[in-house]
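Visitor: File name data_13.cif; file contents mmCIF, C-alpha atoms (C1' of nucleotides); full text below.
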```
data_target
loop_
_atom_site.label_atom_id
_atom_site.label_comp_id
_atom_site.auth_asym_id
_atom_site.auth_seq_id
_atom_site.Cartn_x
_atom_site.Cartn_y
_atom_site.Cartn_z
CA MET L 82 159.46 90.37 126.92
CA GLY L 83 160.41 92.33 129.98
CA ILE L 84 158.45 93.28 133.02
CA ASP L 85 155.10 95.02 132.83
CA TYR L 86 155.78 97.32 135.73
CA ASN L 87 152.22 98.54 136.10
CA LYS L 88 150.64 95.13 135.98
CA ASP L 89 153.26 93.41 138.07
CA SER L 90 153.23 96.07 140.76
CA GLU L 91 149.47 95.62 140.95
CA LEU L 92 150.00 91.95 141.67
CA LEU L 93 152.53 92.78 144.34
CA LYS L 94 150.19 95.34 145.85
CA ALA L 95 147.54 92.65 146.10
CA ILE L 96 149.67 90.60 148.46
CA ALA L 97 151.48 93.51 150.10
CA HIS L 98 149.20 93.55 153.11
CA PRO L 99 149.62 91.44 156.25
CA VAL L 100 146.08 90.08 156.18
CA ARG L 101 146.13 89.27 152.48
CA LEU L 102 149.55 87.69 152.74
CA LYS L 103 148.25 85.55 155.56
CA ILE L 104 145.18 84.57 153.56
CA VAL L 105 147.27 83.57 150.57
CA LYS L 106 149.71 81.61 152.67
CA GLY L 107 146.84 79.82 154.38
CA LEU L 108 145.31 78.95 151.02
CA MET L 109 148.54 77.55 149.63
CA GLY L 110 148.10 74.15 151.21
CA ASP L 111 144.41 73.59 150.77
CA GLU L 112 141.47 75.74 149.79
CA CYS L 113 139.35 77.34 152.48
CA SER L 114 135.88 78.76 153.01
CA VAL L 115 135.30 82.39 153.86
CA LYS L 116 133.63 81.41 157.09
CA LYS L 117 136.69 79.58 158.29
CA MET L 118 138.93 82.48 157.34
CA VAL L 119 136.78 84.86 159.34
CA LYS L 120 137.16 82.59 162.32
CA VAL L 121 140.90 82.12 161.97
CA LEU L 122 141.70 85.75 161.21
CA LYS L 123 139.39 87.08 163.92
CA LEU L 124 138.28 89.93 161.71
CA PRO L 125 134.81 91.16 160.70
CA GLN L 126 133.32 89.23 157.82
CA SER L 127 133.06 92.35 155.69
CA THR L 128 136.74 93.09 156.17
CA VAL L 129 137.76 89.58 155.12
CA SER L 130 135.45 89.72 152.14
CA GLN L 131 137.02 93.02 151.07
CA HIS L 132 140.47 91.50 151.10
CA LEU L 133 139.25 88.45 149.21
CA GLY L 134 137.73 90.78 146.65
CA ILE L 135 141.04 92.48 146.10
CA LEU L 136 142.86 89.18 145.69
CA ARG L 137 140.10 87.94 143.39
CA SER L 138 140.04 91.03 141.19
CA ARG L 139 143.76 90.76 140.64
CA GLY L 140 143.68 87.11 139.72
CA VAL L 141 145.49 85.83 142.76
CA ILE L 142 142.69 83.58 143.95
CA THR L 143 139.52 82.11 142.51
CA PRO L 144 136.28 81.08 144.20
CA SER L 145 134.37 77.82 143.85
CA LYS L 146 130.88 77.53 145.20
CA GLU L 147 130.09 74.53 147.33
CA GLY L 148 126.52 74.87 148.42
CA VAL L 149 126.19 77.94 150.54
CA LYS L 150 129.89 78.18 151.08
CA THR L 151 132.52 79.66 148.87
CA CYS L 152 135.94 78.11 148.82
CA TYR L 153 138.93 80.00 147.57
CA SER L 154 142.22 78.74 146.21
CA VAL L 155 145.38 80.36 144.87
CA ILE L 156 145.71 80.25 141.11
CA ASP L 157 148.61 82.61 140.38
CA GLU L 158 151.84 80.70 140.12
CA ARG L 159 154.05 83.73 140.63
CA VAL L 160 152.30 84.45 143.91
CA LYS L 161 152.91 80.87 144.97
CA ASP L 162 156.59 81.30 144.17
CA ILE L 163 156.78 84.57 146.09
CA VAL L 164 155.20 83.07 149.18
CA GLY L 165 157.67 80.22 148.81
CA ILE L 166 160.52 82.72 148.98
CA PHE L 167 159.26 84.04 152.30
CA LYS L 168 158.88 80.59 153.74
CA LYS L 169 162.58 79.80 153.30
CA MET E 125 160.06 79.71 161.30
CA GLY E 126 157.06 80.88 159.41
CA ILE E 127 156.27 84.12 157.73
CA ASP E 128 156.38 87.44 159.53
CA TYR E 129 153.33 88.85 157.84
CA ASN E 130 153.86 92.41 158.99
CA LYS E 131 157.50 92.58 158.10
CA ASP E 132 157.23 90.66 154.86
CA SER E 133 154.26 92.67 153.62
CA GLU E 134 156.30 95.82 154.29
CA LEU E 135 159.00 94.49 152.00
CA LEU E 136 156.44 93.70 149.34
CA LYS E 137 154.94 97.17 149.69
CA ALA E 138 158.39 98.64 149.09
CA ILE E 139 158.52 97.14 145.62
CA ALA E 140 154.76 97.24 144.93
CA HIS E 141 154.97 100.44 142.94
CA PRO E 142 155.71 100.67 139.23
CA VAL E 143 158.50 103.21 139.63
CA ARG E 144 160.18 101.37 142.48
CA LEU E 145 159.86 98.04 140.70
CA LYS E 146 161.50 99.61 137.69
CA ILE E 147 164.28 101.05 139.80
CA VAL E 148 164.97 97.71 141.45
CA LYS E 149 164.92 95.85 138.17
CA GLY E 150 167.30 98.39 136.67
CA LEU E 151 169.64 98.02 139.61
CA MET E 152 169.72 94.24 139.41
CA GLY E 153 172.40 94.09 136.78
CA ASP E 154 174.66 96.89 137.80
CA GLU E 155 174.47 99.73 140.28
CA CYS E 156 173.36 103.15 139.15
CA SER E 157 173.60 106.80 140.17
CA VAL E 158 170.55 108.85 141.07
CA LYS E 159 171.26 111.26 138.27
CA LYS E 160 171.08 108.52 135.68
CA MET E 161 167.87 107.19 137.16
CA VAL E 162 166.27 110.62 136.96
CA LYS E 163 167.21 110.76 133.32
CA VAL E 164 165.99 107.27 132.49
CA LEU E 165 162.77 107.47 134.48
CA LYS E 166 161.96 110.98 133.25
CA LEU E 167 160.67 111.99 136.67
CA PRO E 168 161.50 114.94 138.93
CA GLN E 169 164.61 114.41 141.01
CA SER E 170 162.67 114.79 144.24
CA THR E 171 160.25 112.07 143.25
CA VAL E 172 163.02 109.64 142.40
CA SER E 173 164.80 110.45 145.62
CA GLN E 174 161.63 109.79 147.59
CA HIS E 175 161.28 106.36 146.06
CA LEU E 176 164.93 105.60 146.71
CA GLY E 177 164.40 106.64 150.31
CA ILE E 178 161.58 104.15 150.69
CA LEU E 179 163.63 101.34 149.18
CA ARG E 180 166.57 102.33 151.36
CA SER E 181 164.61 102.52 154.59
CA ARG E 182 163.26 99.03 154.02
CA GLY E 183 166.63 97.51 153.32
CA VAL E 184 166.04 96.80 149.65
CA ILE E 185 168.91 98.92 148.36
CA THR E 186 171.99 100.56 149.79
CA PRO E 187 173.91 103.64 148.68
CA SER E 188 177.62 104.04 148.11
CA LYS E 189 179.16 107.45 147.64
CA GLU E 190 181.46 107.89 144.70
CA GLY E 191 182.61 111.48 144.73
CA VAL E 192 179.61 113.71 144.24
CA LYS E 193 177.47 110.88 143.03
CA THR E 194 175.58 108.28 144.97
CA CYS E 195 175.28 104.83 143.52
CA TYR E 196 172.65 102.41 144.66
CA SER E 197 172.56 98.64 144.51
CA VAL E 198 170.11 95.94 145.55
CA ILE E 199 171.07 94.08 148.70
CA ASP E 200 167.95 92.10 149.57
CA GLU E 201 168.13 88.59 148.19
CA ARG E 202 164.42 87.94 148.43
CA VAL E 203 163.74 91.01 146.32
CA LYS E 204 166.20 89.75 143.75
CA ASP E 205 164.36 86.43 143.67
CA ILE E 206 160.98 88.13 143.32
CA VAL E 207 162.16 90.26 140.40
CA GLY E 208 163.55 87.08 138.91
CA ILE E 209 160.09 85.54 139.03
CA PHE E 210 158.65 88.41 137.03
CA LYS E 211 161.36 88.19 134.42
CA LYS E 212 160.44 84.62 133.52
"C1'" DT X 129 107.93 80.78 150.29
"C1'" DC X 130 110.03 81.75 154.72
"C1'" DG X 131 113.86 81.64 157.40
"C1'" DT X 132 118.65 80.92 158.03
"C1'" DA X 133 123.41 80.73 156.83
"C1'" DT X 134 127.03 82.46 154.01
"C1'" DT X 135 129.20 85.82 151.31
"C1'" DA X 136 129.39 90.29 148.69
"C1'" DT X 137 128.72 95.17 148.28
"C1'" DT X 138 128.16 99.85 149.73
"C1'" DG X 139 129.02 103.98 152.39
"C1'" DT X 140 132.08 106.59 155.21
"C1'" DG X 141 135.57 108.38 158.12
"C1'" DA X 142 140.42 107.79 159.19
"C1'" DT X 143 144.96 107.06 157.79
"C1'" DA X 144 148.66 106.52 154.49
"C1'" DA X 145 150.92 107.09 149.91
"C1'" DT X 146 152.19 109.85 145.99
"C1'" DT X 147 153.76 113.83 143.55
"C1'" DG X 148 156.56 117.75 142.56
"C1'" DG X 149 158.13 122.46 143.67
"C1'" DA X 150 161.02 124.72 146.90
"C1'" DT X 151 164.68 124.42 149.94
"C1'" DA X 152 168.59 122.38 152.39
"C1'" DT X 153 172.84 119.72 152.52
"C1'" DA X 154 177.07 118.02 150.90
"C1'" DT X 155 180.86 117.59 147.70
"C1'" DT X 156 183.78 119.04 144.07
"C1'" DT X 157 185.76 122.59 141.07
"C1'" DT X 158 187.57 126.96 139.96
"C1'" DA Y 300 185.23 131.34 149.12
"C1'" DA Y 301 182.02 131.10 145.54
"C1'" DA Y 302 179.83 128.50 142.04
"C1'" DA Y 303 178.35 124.30 140.26
"C1'" DT Y 304 176.76 119.64 140.79
"C1'" DA Y 305 174.30 115.89 143.04
"C1'" DT Y 306 171.18 114.31 146.30
"C1'" DA Y 307 168.03 114.58 150.24
"C1'" DT Y 308 164.38 116.67 152.82
"C1'" DC Y 309 160.28 119.56 153.60
"C1'" DC Y 310 155.76 120.78 152.58
"C1'" DA Y 311 151.11 120.89 150.67
"C1'" DA Y 312 147.70 119.05 147.60
"C1'" DT Y 313 145.81 115.18 145.74
"C1'" DT Y 314 144.72 110.47 145.60
"C1'" DA Y 315 144.59 105.75 147.38
"C1'" DT Y 316 144.00 102.45 150.96
"C1'" DC Y 317 141.93 100.71 155.22
"C1'" DA Y 318 138.62 99.10 158.54
"C1'" DC Y 319 134.08 98.16 159.66
"C1'" DA Y 320 129.05 98.74 160.23
"C1'" DA Y 321 125.01 98.32 157.59
"C1'" DT Y 322 122.81 96.38 153.94
"C1'" DA Y 323 122.16 93.44 149.89
"C1'" DA Y 324 122.49 89.21 147.46
"C1'" DT Y 325 122.61 84.17 147.15
"C1'" DA Y 326 121.76 79.38 148.18
"C1'" DC Y 327 119.79 75.90 150.75
"C1'" DG Y 328 116.35 73.55 153.94
"C1'" DA Y 329 111.84 73.25 156.14
#
```
What do you get writing this file as structure tokens?

Guide:
Amino acid sequence: MGIDYNKDSELLKAIAHPVRLKIVKGLMGDECSVKKMVKVLKLPQSTVSQHLGILRSRGVITPSKEGVKTCYSVIDERVKDIVGIFKK
Amino acid sequence: MGIDYNKDSELLKAIAHPVRLKIVKGLMGDECSVKKMVKVLKLPQSTVSQHLGILRSRGVITPSKEGVKTCYSVIDERVKDIVGIFKK
DNA sequence: TCGTATTATTGTGATAATTGGATATATTTT
DNA sequence: AAAATATATCCAATTATCACAATAATACGA
């Protein structure tokens, strides 16, 4: 019933990074390709992909292939709520 | 207006640790002395104090001296909201 | 299939976080 | 003042995280 401190802190850790928080916030409105993120974030592609991997592995986001491109979108509702708190 | 990614991710990092998340959750209802936390968490006093220091330095909790004891309580509203999300 | 575009993975050095024993500080009690 | 109690700080060892270049994998078009 209560909080699973280990699991929940893992989720928090996933978004407790300025770049990942920015990615998640950017994905809240509409989904986005990796290529576009690289452009917007002005970071090396490998670095962005690393962060996406972390968010993916913790169930924050999910990919959907569209041809050559991969589009990500936020699927964790708690993360959406948390980002909402910061937007207030 | 928007999100301060650096500052906000620092706040998330503060609670993105199982022990600190547990401390914060425990402090949500009523305040608590360090001694009691050490007992409940079954961790060395220095370790608990370190975690409290991190939460303190990031404005999540604040201490109040009561004689020899120090009682902590949560003062950040966003943190309260976030813990609330996990309790659902 | 060859080439190109897009994304993921791997390797590595640098930096930061975590832990707990030892020690210091502060407050109360005797 | 000395002892006891409560908490914070210091330090060193271990572990985790970070950034990014290099490389691999994947999908599409010619």

Visitor: Would you mind listing, for every residue of chain L within 8 Å of segment 132-145 of chain X, the two atoms forming the shortest contact and the distance between them in Å to one decimal, using only C-alpha atoms (C1' of nucleotides), sorted by chain and ascending residue number, as a Markdown table?

Guide:
```
| residue | atom | partner | partner_atom | distance |
| --- | --- | --- | --- | --- |
| L:Val115 | CA | X:DT135 | C1' | 7.4 |
| L:Lys116 | CA | X:DT134 | C1' | 7.4 |
| L:Ser130 | CA | X:DA136 | C1' | 7.0 |
| L:Val149 | CA | X:DT134 | C1' | 5.8 |
| L:Lys150 | CA | X:DT134 | C1' | 5.9 |
| L:Thr151 | CA | X:DT135 | C1' | 7.4 |
```

Visitor: Mind fitting chain L onto chain E over all Cα atoms in sequence order and sending the result as a CSV table (one decimal) with C-alpha atoms, in the coordinates of the input?

Guide:
```csv
chain,number,residue,atom,x,y,z
L,82,MET,CA,160.0,79.9,161.7
L,83,GLY,CA,157.1,81.0,159.6
L,84,ILE,CA,156.4,84.2,157.9
L,85,ASP,CA,156.5,87.6,159.6
L,86,TYR,CA,153.5,88.9,157.9
L,87,ASN,CA,154.0,92.5,159.0
L,88,LYS,CA,157.6,92.7,158.1
L,89,ASP,CA,157.3,90.7,154.9
L,90,SER,CA,154.3,92.7,153.7
L,91,GLU,CA,156.4,95.9,154.3
L,92,LEU,CA,159.1,94.5,152.0
L,93,LEU,CA,156.5,93.7,149.3
L,94,LYS,CA,155.0,97.2,149.7
L,95,ALA,CA,158.4,98.6,149.0
L,96,ILE,CA,158.5,97.1,145.6
L,97,ALA,CA,154.8,97.2,144.9
L,98,HIS,CA,155.0,100.4,142.9
L,99,PRO,CA,155.7,100.6,139.2
L,100,VAL,CA,158.5,103.2,139.6
L,101,ARG,CA,160.2,101.3,142.4
L,102,LEU,CA,159.9,98.0,140.7
L,103,LYS,CA,161.5,99.6,137.6
L,104,ILE,CA,164.3,101.0,139.8
L,105,VAL,CA,165.0,97.7,141.4
L,106,LYS,CA,164.9,95.8,138.1
L,107,GLY,CA,167.3,98.4,136.6
L,108,LEU,CA,169.7,98.0,139.6
L,109,MET,CA,169.7,94.2,139.4
L,110,GLY,CA,172.4,94.1,136.7
L,111,ASP,CA,174.7,96.9,137.8
L,112,GLU,CA,174.5,99.7,140.3
L,113,CYS,CA,173.4,103.2,139.1
L,114,SER,CA,173.6,106.8,140.2
L,115,VAL,CA,170.6,108.8,141.1
L,116,LYS,CA,171.3,111.3,138.3
L,117,LYS,CA,171.1,108.5,135.7
L,118,MET,CA,167.9,107.2,137.2
L,119,VAL,CA,166.3,110.6,137.0
L,120,LYS,CA,167.3,110.8,133.4
L,121,VAL,CA,166.0,107.3,132.5
L,122,LEU,CA,162.8,107.5,134.5
L,123,LYS,CA,162.0,111.0,133.3
L,124,LEU,CA,160.7,112.0,136.7
L,125,PRO,CA,161.5,115.0,139.0
L,126,GLN,CA,164.6,114.4,141.1
L,127,SER,CA,162.7,114.8,144.3
L,128,THR,CA,160.3,112.1,143.2
L,129,VAL,CA,163.0,109.6,142.4
L,130,SER,CA,164.8,110.4,145.7
L,131,GLN,CA,161.6,109.7,147.6
L,132,HIS,CA,161.3,106.3,146.0
L,133,LEU,CA,164.9,105.6,146.7
L,134,GLY,CA,164.3,106.6,150.3
L,135,ILE,CA,161.5,104.1,150.6
L,136,LEU,CA,163.6,101.3,149.1
L,137,ARG,CA,166.5,102.3,151.3
L,138,SER,CA,164.6,102.5,154.6
L,139,ARG,CA,163.2,99.0,154.0
L,140,GLY,CA,166.6,97.5,153.2
L,141,VAL,CA,166.0,96.8,149.6
L,142,ILE,CA,168.9,98.9,148.3
L,143,THR,CA,172.0,100.5,149.8
L,144,PRO,CA,173.9,103.6,148.7
L,145,SER,CA,177.6,104.0,148.1
L,146,LYS,CA,179.1,107.4,147.7
L,147,GLU,CA,181.4,108.0,144.8
L,148,GLY,CA,182.5,111.6,144.9
L,149,VAL,CA,179.4,113.7,144.5
L,150,LYS,CA,177.4,110.9,143.2
L,151,THR,CA,175.5,108.2,145.0
L,152,CYS,CA,175.3,104.8,143.5
L,153,TYR,CA,172.6,102.4,144.6
L,154,SER,CA,172.6,98.6,144.5
L,155,VAL,CA,170.1,95.9,145.5
L,156,ILE,CA,171.1,94.0,148.6
L,157,ASP,CA,167.9,92.1,149.5
L,158,GLU,CA,168.1,88.6,148.1
L,159,ARG,CA,164.4,87.9,148.4
L,160,VAL,CA,163.7,91.0,146.3
L,161,LYS,CA,166.2,89.7,143.7
L,162,ASP,CA,164.3,86.4,143.6
L,163,ILE,CA,161.0,88.1,143.3
L,164,VAL,CA,162.1,90.2,140.4
L,165,GLY,CA,163.5,87.0,138.8
L,166,ILE,CA,160.0,85.5,139.0
L,167,PHE,CA,158.6,88.4,137.0
L,168,LYS,CA,161.3,88.2,134.4
L,169,LYS,CA,160.4,84.6,133.5
```

Visitor: Write out, as a tab-separated table, each residue of chain E that has an atom at most 8 Å from chain L, together with the closest pair of atoms and their distance in Å to one decimal, counting all atoms listed in the file, rows going by chain and rising number.

Guide:
```
residue	atom	partner	partner_atom	distance
E:Met125	CA	L:Lys168	CA	7.7
E:Gly126	CA	L:Lys168	CA	6.0
E:Ile127	CA	L:Lys168	CA	5.9
E:Tyr129	CA	L:Pro99	CA	4.8
E:Asn130	CA	L:Pro99	CA	5.1
E:Asp132	CA	L:Phe167	CA	7.4
E:Ser133	CA	L:Ala97	CA	4.6
E:Glu134	CA	L:Ala97	CA	6.8
E:Leu135	CA	L:Ala97	CA	7.8
E:Leu136	CA	L:Ala97	CA	5.0
E:Lys137	CA	L:Ala97	CA	5.1
E:Ile139	CA	L:Ser90	CA	7.3
E:Ala140	CA	L:Ser90	CA	4.6
E:His141	CA	L:Ser90	CA	5.2
E:Pro142	CA	L:Tyr86	CA	4.8
E:Val143	CA	L:Tyr86	CA	7.6
E:Leu145	CA	L:Tyr86	CA	6.5
E:Lys146	CA	L:Tyr86	CA	6.5
E:Arg202	CA	L:Ile166	CA	6.5
E:Asp205	CA	L:Ile166	CA	7.5
E:Ile206	CA	L:Ile163	CA	6.2
E:Ile209	CA	L:Arg159	CA	6.5
E:Phe210	CA	L:Ile84	CA	6.3
E:Lys211	CA	L:Ile84	CA	6.0
```

Visitor: Generate a file of the selected residues that holds C-alpha atoms, formatted as a PDB file, keeping the file's coordinate frame.

Guide:
```pdb
ATOM      1  CA  MET E 125     160.060  79.710 161.300  1.00  0.00           C
ATOM      2  CA  GLY E 126     157.060  80.880 159.410  1.00  0.00           C
ATOM      3  CA  ILE E 127     156.270  84.120 157.730  1.00  0.00           C
ATOM      4  CA  TYR E 129     153.330  88.850 157.840  1.00  0.00           C
ATOM      5  CA  ASN E 130     153.860  92.410 158.990  1.00  0.00           C
ATOM      6  CA  ASP E 132     157.230  90.660 154.860  1.00  0.00           C
ATOM      7  CA  SER E 133     154.260  92.670 153.620  1.00  0.00           C
ATOM      8  CA  GLU E 134     156.300  95.820 154.290  1.00  0.00           C
ATOM      9  CA  LEU E 135     159.000  94.490 152.000  1.00  0.00           C
ATOM     10  CA  LEU E 136     156.440  93.700 149.340  1.00  0.00           C
ATOM     11  CA  LYS E 137     154.940  97.170 149.690  1.00  0.00           C
ATOM     12  CA  ILE E 139     158.520  97.140 145.620  1.00  0.00           C
ATOM     13  CA  ALA E 140     154.760  97.240 144.930  1.00  0.00           C
ATOM     14  CA  HIS E 141     154.970 100.440 142.940  1.00  0.00           C
ATOM     15  CA  PRO E 142     155.710 100.670 139.230  1.00  0.00           C
ATOM     16  CA  VAL E 143     158.500 103.210 139.630  1.00  0.00           C
ATOM     17  CA  LEU E 145     159.860  98.040 140.700  1.00  0.00           C
ATOM     18  CA  LYS E 146     161.500  99.610 137.690  1.00  0.00           C
ATOM     19  CA  ARG E 202     164.420  87.940 148.430  1.00  0.00           C
ATOM     20  CA  ASP E 205     164.360  86.430 143.670  1.00  0.00           C
ATOM     21  CA  ILE E 206     160.980  88.130 143.320  1.00  0.00           C
ATOM     22  CA  ILE E 209     160.090  85.540 139.030  1.00  0.00           C
ATOM     23  CA  PHE E 210     158.650  88.410 137.030  1.00  0.00           C
ATOM     24  CA  LYS E 211     161.360  88.190 134.420  1.00  0.00           C
TER      25      LYS E 211
END
```

Visitor: To one decimal in Å, tell me the separation between atom CA of Gln126 of chain L and atom CA of Arg139 of chain L.

Guide: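 Result for atom CA of Gln126 of chain L versus atom CA of Arg139 of chain L: 20.2 Å, one decimal.
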
Visitor: Could you produce a table of the residues of chain L lying within 12 Å of chain X, with the nearest pair of atoms per residue and their separation in Å rounded to one decimal, using all atoms listed in the file, ordered by chain and increasing residue number, as JSON lines?

Guide:
```
{"residue": "L:Ser114", "atom": "CA", "partner": "X:DT134", "partner_atom": "C1'", "distance": 9.6}
{"residue": "L:Val115", "atom": "CA", "partner": "X:DT135", "partner_atom": "C1'", "distance": 7.4}
{"residue": "L:Lys116", "atom": "CA", "partner": "X:DT134", "partner_atom": "C1'", "distance": 7.4}
{"residue": "L:Lys117", "atom": "CA", "partner": "X:DT134", "partner_atom": "C1'", "distance": 11.0}
{"residue": "L:Met118", "atom": "CA", "partner": "X:DT135", "partner_atom": "C1'", "distance": 11.9}
{"residue": "L:Val119", "atom": "CA", "partner": "X:DT135", "partner_atom": "C1'", "distance": 11.1}
{"residue": "L:Gln126", "atom": "CA", "partner": "X:DT135", "partner_atom": "C1'", "distance": 8.4}
{"residue": "L:Ser127", "atom": "CA", "partner": "X:DA136", "partner_atom": "C1'", "distance": 8.2}
{"residue": "L:Thr128", "atom": "CA", "partner": "X:DA136", "partner_atom": "C1'", "distance": 10.9}
{"residue": "L:Val129", "atom": "CA", "partner": "X:DT135", "partner_atom": "C1'", "distance": 10.1}
{"residue": "L:Ser130", "atom": "CA", "partner": "X:DA136", "partner_atom": "C1'", "distance": 7.0}
{"residue": "L:Gln131", "atom": "CA", "partner": "X:DA136", "partner_atom": "C1'", "distance": 8.4}
{"residue": "L:His132", "atom": "CA", "partner": "X:DA136", "partner_atom": "C1'", "distance": 11.4}
{"residue": "L:Leu133", "atom": "CA", "partner": "X:DA136", "partner_atom": "C1'", "distance": 10.0}
{"residue": "L:Gly134", "atom": "CA", "partner": "X:DA136", "partner_atom": "C1'", "distance": 8.6}
{"residue": "L:Pro144", "atom": "CA", "partner": "X:DT135", "partner_atom": "C1'", "distance": 11.1}
{"residue": "L:Lys146", "atom": "CA", "partner": "X:DT135", "partner_atom": "C1'", "distance": 10.4}
{"residue": "L:Glu147", "atom": "CA", "partner": "X:DT134", "partner_atom": "C1'", "distance": 10.8}
{"residue": "L:Gly148", "atom": "CA", "partner": "X:DT134", "partner_atom": "C1'", "distance": 9.4}
{"residue": "L:Val149", "atom": "CA", "partner": "X:DT134", "partner_atom": "C1'", "distance": 5.8}
{"residue": "L:Lys150", "atom": "CA", "partner": "X:DT134", "partner_atom": "C1'", "distance": 5.9}
{"residue": "L:Thr151", "atom": "CA", "partner": "X:DT135", "partner_atom": "C1'", "distance": 7.4}
{"residue": "L:Cys152", "atom": "CA", "partner": "X:DT135", "partner_atom": "C1'", "distance": 10.5}
{"residue": "L:Tyr153", "atom": "CA", "partner": "X:DT135", "partner_atom": "C1'", "distance": 11.9}
```

Visitor: Residues of chain Y within 10 Å of chain E, counting all atoms listed in the file - could you list those as a list of chain:residue names?

Guide: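 Every residue of chain Y that passes the 10 Å test is in Y:DT304, Y:DA305, Y:DT306, Y:DA307, Y:DT308.
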
Visitor: Could you check how far atom CA of Ile156 of chain L sits from atom CA of Pro125 of chain L, in Å to one decimal?

Guide: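 About the pair atom CA of Ile156 of chain L and atom CA of Pro125 of chain L: they are 24.9 Å apart.
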
Visitor: Hey, could you pull the box centre and edge lengths for segment 129-146 of chain X, axis-aligned, 8 Å padding per side, all listed atoms, to one decimal in Å, as JSON?

Guide:
```
{"center_x": 130.1, "center_y": 95.3, "center_z": 152.6, "size_x": 60.3, "size_y": 45.1, "size_z": 29.2}
```

Visitor: So what do you get for atom CA of Gly183 of chain E versus atom CA of Val198 of chain E, distance-wise?

Guide: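 One can read the atom CA of Gly183 of chain E to atom CA of Val198 of chain E distance as 8.7 Å.
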